[in-house]
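Below: one structure, written as structure tokens.
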Amino acid sequence: MNAPIVNLDLSGKKAVVTGAVSGIGLACAQRLAGAGAAVTVVDLDADAARAAAGSLPGSGHEGVGVDLSSPAGLDSLADERFAADVLVNNAGFQRVAPIEEYPTEVFTAIHNVLLHAPFRLIRTSLPRMYAAGWGRIVNISSAHGLVASPYKSGYVSAKHGLEGLSKVTAMEGGAKGVTSNCINPGYVRTPLVEKQIADQAKTHGIGEDEVVEKIMLLRPAIKRLVEPDEVAEIAAFLCSDAAASITGSAYRIDGGWTSN
Ligand SMILES: NC(=O)c1ccc[n+]([C@@H]2O[C@H](COP(=O)([O-])OP(=O)(O)OC[C@H]3O[C@@H](n4cnc5c(N)ncnc54)[C@H](O)[C@@H]3O)[C@@H](O)[C@H]2O)c1
């Protein structure tokens, strides 16, 4: 893990990070906890969420199990325990299939996790943020929040929706001290991508190194996967005083992928 570069003090602040058991979410939770925030880890499995919370530096952390794909899980997000000063909407998953074969229930589930859950959590957190005159919302979008690829209809449409939600939040919160921004990673070295590498190696009958080199890194100018802590450092920057005037933005960290 790289040393933090952004000067950030979140002492006395509460952060809620979804999908924080693993990958980018865990890196964000570690970075925010390291800056002094009390972090609520929200993830599918309650035990795993509690274990992740227990592994963070500092104190005041908690882990909560919520299935963000289910209507009951979404409804539970109205609870005050999910009201944050810093909200990182990160939980996500991927499913790849042509539209005519794309399972409709998966399309709904992916929209619930990637778009409806952020809406519910923003809705729960804004009153606390407005009362404090300060709040930071960081939405982990994707290069696929800006451009499309075939076979990812659920994911691409939900991430594009998240971009719009983030901008509306920025418009409503701007005068009340609340910023909302997206981060748009290319391929990041996380369990989500490691699974895709293994799947694609099988599908194409090639080695995993070749999948990374010839498929994932074909378009980026920088020929390596992004690391989770690089994404977390942008999240930290967006929470810092230096970023107080940045809102409604989308920060691409994709090695140049969406520039060609
Ligand atoms: N890894 C990448 O290359 C990449 C690129 C661009 C964007 N992203 C985005 O970054 C975010 C994090 O991805 P990651 O790569 O760290 O993945 P990951 O699989 O390592 O972590 C995702 C986390 O979300 C949780 N989650 C999934 N479904 C959930 C549900 N129904 N309810 C609650 N929690 C649930 C998982 O349990 C897991 O802990 C996602 O939104 C993803 O779309 C990832």
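Identifiers in this document derive from the order of the structure tokens: chains are assigned A, B, ..., residues are numbered from 1 separately in each chain, and ligands are numbered from 1 in order of occurrence.
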* **Distance query Ala117 of chain A at most 9 Å, only C-alpha atoms, self and fewer than 2 positions along chain excluded, as number ranges by chain** => A: 68-69, 73-74, 77, 89, 91, 111-115, 119-122
* To do: Go through the chains and note each residue within 6 Å of ligand 1, using only C-alpha atoms and all ligand atoms, then give the set as number ranges by chain.
  => A: 19-25, 43-44, 66-69, 90-93, 113, 140-142, 185-193
* Would you return as a PyMOL selection string the members of segment 38-159 of chain A that DSSP assigns to helix (DSSP H, G or I) on this structure's backbone? => chain A and resi 46-54+71-76+80-82+99-101+104-132+143-145+153-159
Could you give me, as a compact mmCIF listing (two decimals) with N, CA, C and O atoms, in the first residue's frame, the residues within 7 Å of Trp257 of chain A, counting only C-alpha atoms and dropping anything in the same chain fewer than 2 positions from it?
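Once written, out_37.txt looks like this:
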```
# COMPACT_ATOMS: atom_id res chain seq x y z
N GLY A 186 -10.73 2.38 -14.21
CA GLY A 186 -10.66 1.31 -15.20
C GLY A 186 -10.56 0.00 -14.43
O GLY A 186 -11.16 -0.14 -13.36
N ARG A 219 -6.66 -1.12 -24.21
CA ARG A 219 -6.93 0.30 -24.48
C ARG A 219 -6.22 1.27 -23.55
O ARG A 219 -5.86 2.37 -23.99
N PRO A 220 -5.99 0.96 -22.27
CA PRO A 220 -5.26 1.93 -21.43
C PRO A 220 -3.85 2.19 -21.94
O PRO A 220 -3.18 1.29 -22.44
N ALA A 221 -3.40 3.45 -21.80
CA ALA A 221 -2.02 3.80 -22.18
C ALA A 221 -1.05 3.30 -21.12
O ALA A 221 0.11 2.98 -21.42
N ASP A 254 -8.10 5.54 -15.00
CA ASP A 254 -8.24 4.39 -15.90
C ASP A 254 -7.04 4.20 -16.82
O ASP A 254 -7.16 3.53 -17.86
N GLY A 255 -5.91 4.82 -16.46
CA GLY A 255 -4.71 4.66 -17.29
C GLY A 255 -4.87 5.19 -18.70
O GLY A 255 -4.12 4.81 -19.60
N SER A 259 -9.73 7.72 -22.89
CA SER A 259 -9.26 8.85 -23.70
C SER A 259 -9.00 8.45 -25.14
O SER A 259 -8.66 9.29 -25.96
N ASN A 260 -9.12 7.15 -25.45
CA ASN A 260 -8.87 6.80 -26.86
C ASN A 260 -10.10 6.18 -27.51
O ASN A 260 -11.11 5.97 -26.86
```
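Each of A:Leu217, A:Val231, A:Val212, A:Ala236 was checked against Lys195 of chain A using only C-alpha atoms; the smallest atom-to-atom distance is that of A:Val212.
All residues within segment 130-185 of chain A that the backbone DSSP calculation assigns to strand (DSSP E or B) are Gly135, Arg136, Ile137, Val138, Asn139, Ile140, Val178, Thr179, Ser180, Asn181, Cys182, Ile183, Asn184 and Pro185 of chain A.
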Can you write just those residues out, all heavy atoms, as a CSV table (one decimal), in the first residue's frame?
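Output contents, as saved in result_33.csv:
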```csv
chain,number,residue,atom,x,y,z
A,135,GLY,N,-20.7,17.9,4.3
A,135,GLY,CA,-20.8,16.5,3.9
A,135,GLY,C,-20.1,16.2,2.7
A,135,GLY,O,-19.9,17.0,1.8
A,136,ARG,N,-19.6,14.9,2.6
A,136,ARG,CA,-18.9,14.5,1.4
A,136,ARG,C,-19.5,13.2,0.9
A,136,ARG,O,-19.6,12.2,1.7
A,136,ARG,CB,-17.4,14.2,1.7
A,136,ARG,CG,-16.7,15.5,2.1
A,136,ARG,CD,-16.4,16.3,0.9
A,136,ARG,NE,-15.6,17.5,1.1
A,136,ARG,CZ,-16.1,18.7,1.4
A,136,ARG,NH1,-17.4,18.8,1.5
A,136,ARG,NH2,-15.4,19.8,1.7
A,137,ILE,N,-19.9,13.2,-0.4
A,137,ILE,CA,-20.4,11.9,-1.0
A,137,ILE,C,-19.5,11.5,-2.1
A,137,ILE,O,-19.3,12.3,-3.0
A,137,ILE,CB,-21.9,12.1,-1.5
A,137,ILE,CG1,-22.8,12.5,-0.3
A,137,ILE,CG2,-22.4,10.9,-2.2
A,137,ILE,CD1,-24.2,13.0,-0.6
A,138,VAL,N,-19.0,10.3,-2.0
A,138,VAL,CA,-18.1,9.8,-3.1
A,138,VAL,C,-18.8,8.6,-3.6
A,138,VAL,O,-19.0,7.6,-2.9
A,138,VAL,CB,-16.7,9.5,-2.5
A,138,VAL,CG1,-15.8,8.9,-3.5
A,138,VAL,CG2,-16.1,10.7,-1.8
A,139,ASN,N,-19.1,8.6,-4.9
A,139,ASN,CA,-19.7,7.5,-5.6
A,139,ASN,C,-18.7,6.8,-6.4
A,139,ASN,O,-18.1,7.4,-7.3
A,139,ASN,CB,-20.8,8.0,-6.5
A,139,ASN,CG,-21.9,8.7,-5.6
A,139,ASN,OD1,-22.5,8.1,-4.7
A,139,ASN,ND2,-22.1,10.0,-5.9
A,140,ILE,N,-18.4,5.5,-6.1
A,140,ILE,CA,-17.5,4.7,-6.9
A,140,ILE,C,-18.2,4.3,-8.2
A,140,ILE,O,-19.0,3.3,-8.1
A,140,ILE,CB,-16.9,3.5,-6.1
A,140,ILE,CG1,-16.3,4.0,-4.8
A,140,ILE,CG2,-15.8,2.8,-7.0
A,140,ILE,CD1,-15.1,5.0,-4.9
A,178,VAL,N,-22.4,20.5,1.0
A,178,VAL,CA,-22.3,19.1,0.7
A,178,VAL,C,-21.8,18.9,-0.8
A,178,VAL,O,-22.3,19.5,-1.7
A,178,VAL,CB,-23.6,18.4,0.8
A,178,VAL,CG1,-23.6,16.9,0.3
A,178,VAL,CG2,-24.1,18.4,2.2
A,179,THR,N,-20.7,18.1,-1.0
A,179,THR,CA,-20.2,17.8,-2.3
A,179,THR,C,-20.5,16.4,-2.7
A,179,THR,O,-20.6,15.5,-1.8
A,179,THR,CB,-18.7,18.1,-2.5
A,179,THR,OG1,-18.0,17.1,-1.7
A,179,THR,CG2,-18.3,19.5,-2.1
A,180,SER,N,-20.7,16.2,-3.9
A,180,SER,CA,-21.0,14.8,-4.4
A,180,SER,C,-20.2,14.6,-5.7
A,180,SER,O,-20.3,15.4,-6.7
A,180,SER,CB,-22.5,14.6,-4.7
A,180,SER,OG,-22.7,13.3,-5.3
A,181,ASN,N,-19.4,13.6,-5.8
A,181,ASN,CA,-18.5,13.3,-6.9
A,181,ASN,C,-18.4,11.8,-7.2
A,181,ASN,O,-18.7,11.0,-6.4
A,181,ASN,CB,-17.1,13.8,-6.7
A,181,ASN,CG,-17.0,15.4,-6.6
A,181,ASN,OD1,-17.2,16.1,-7.6
A,181,ASN,ND2,-16.9,15.9,-5.4
A,182,CYS,N,-18.1,11.5,-8.5
A,182,CYS,CA,-17.8,10.2,-8.9
A,182,CYS,C,-16.4,9.9,-9.1
A,182,CYS,O,-15.6,10.8,-9.5
A,182,CYS,CB,-18.6,9.8,-10.2
A,182,CYS,SG,-20.4,9.7,-10.0
A,183,ILE,N,-15.9,8.7,-8.8
A,183,ILE,CA,-14.6,8.2,-9.2
A,183,ILE,C,-14.8,7.1,-10.3
A,183,ILE,O,-15.7,6.3,-10.1
A,183,ILE,CB,-13.8,7.7,-8.1
A,183,ILE,CG1,-13.6,8.8,-7.0
A,183,ILE,CG2,-12.4,7.2,-8.5
A,183,ILE,CD1,-12.9,8.4,-5.7
A,184,ASN,N,-14.1,7.2,-11.4
A,184,ASN,CA,-14.3,6.3,-12.5
A,184,ASN,C,-13.1,5.5,-12.8
A,184,ASN,O,-12.3,5.8,-13.7
A,184,ASN,CB,-14.7,7.2,-13.7
A,184,ASN,CG,-15.9,8.0,-13.5
A,184,ASN,OD1,-15.8,9.0,-12.7
A,184,ASN,ND2,-17.0,7.7,-14.0
A,185,PRO,N,-12.9,4.4,-12.1
A,185,PRO,CA,-11.8,3.5,-12.3
A,185,PRO,C,-11.9,2.7,-13.6
A,185,PRO,O,-13.0,2.3,-14.0
A,185,PRO,CB,-11.7,2.6,-11.1
A,185,PRO,CG,-12.7,3.1,-10.1
A,185,PRO,CD,-13.7,3.9,-10.9
```
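Shell of Lys176 of chain A at 9 Å, with only C-alpha atoms counted and residues fewer than 6 places along the chain excluded, is A:Met129, A:Tyr130, A:Ala131, A:Ala132, A:Gly133, A:Trp134, A:Gly135.
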* Asked: Can you tell me, as an MDAnalysis selection string, what residues are no more than 6 Å from Leu8 of chain A when counting only C-alpha atoms, ignoring any on the same chain fewer than 2 positions away?
  -> chainID A and resid 6 35 240
Just to be explicit: take each residue in the selection above, keep C-alpha atoms, and write the result as a CSV table (one decimal), in the first residue's frame.
```
chain,number,residue,atom,x,y,z
A,6,VAL,CA,-3.6,13.8,1.1
A,35,ALA,CA,-7.8,9.8,8.9
A,240,SER,CA,-10.4,17.1,2.0
```
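Counting only C-alpha atoms and comparing A:Ile99, A:Ala235, A:Ala84, A:Ala38, the residue that lies closest to Pro4 of chain A is A:Ala235.
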* Asked: If we count only C-alpha atoms, what is near Arg81 of chain A at a cut-off of 12 Å, once residues fewer than 6 positions away on the same chain are taken out, given as a PyMOL selection string?
  -> chain A and resi 14-16+38-42+61-64+121+124-125+128
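Remark: for Lys152 of chain A, the closest of the candidate residues A:Pro228, A:Gly205, A:Gly34, A:Pro98 is A:Pro98 (distances computed over only C-alpha atoms).
For the set A:Leu146, A:Ala33, A:Ile222, A:Ala72, the residue with the smallest atom-to-atom gap to Gly54 of chain A is A:Ala33, counting only C-alpha atoms.
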* Asked: segment 11-13 of chain A: which residues within 6 Å, counting only C-alpha atoms, same-chain residues fewer than 3 positions away excluded, as a PyMOL selection string?
  -> chain A and resi 36-37+85
* Rank nothing, just name the residue among A:Arg95, A:Arg123, A:Arg252, A:His116 nearest to Val156 of chain A, using only C-alpha atoms. => A:Arg95
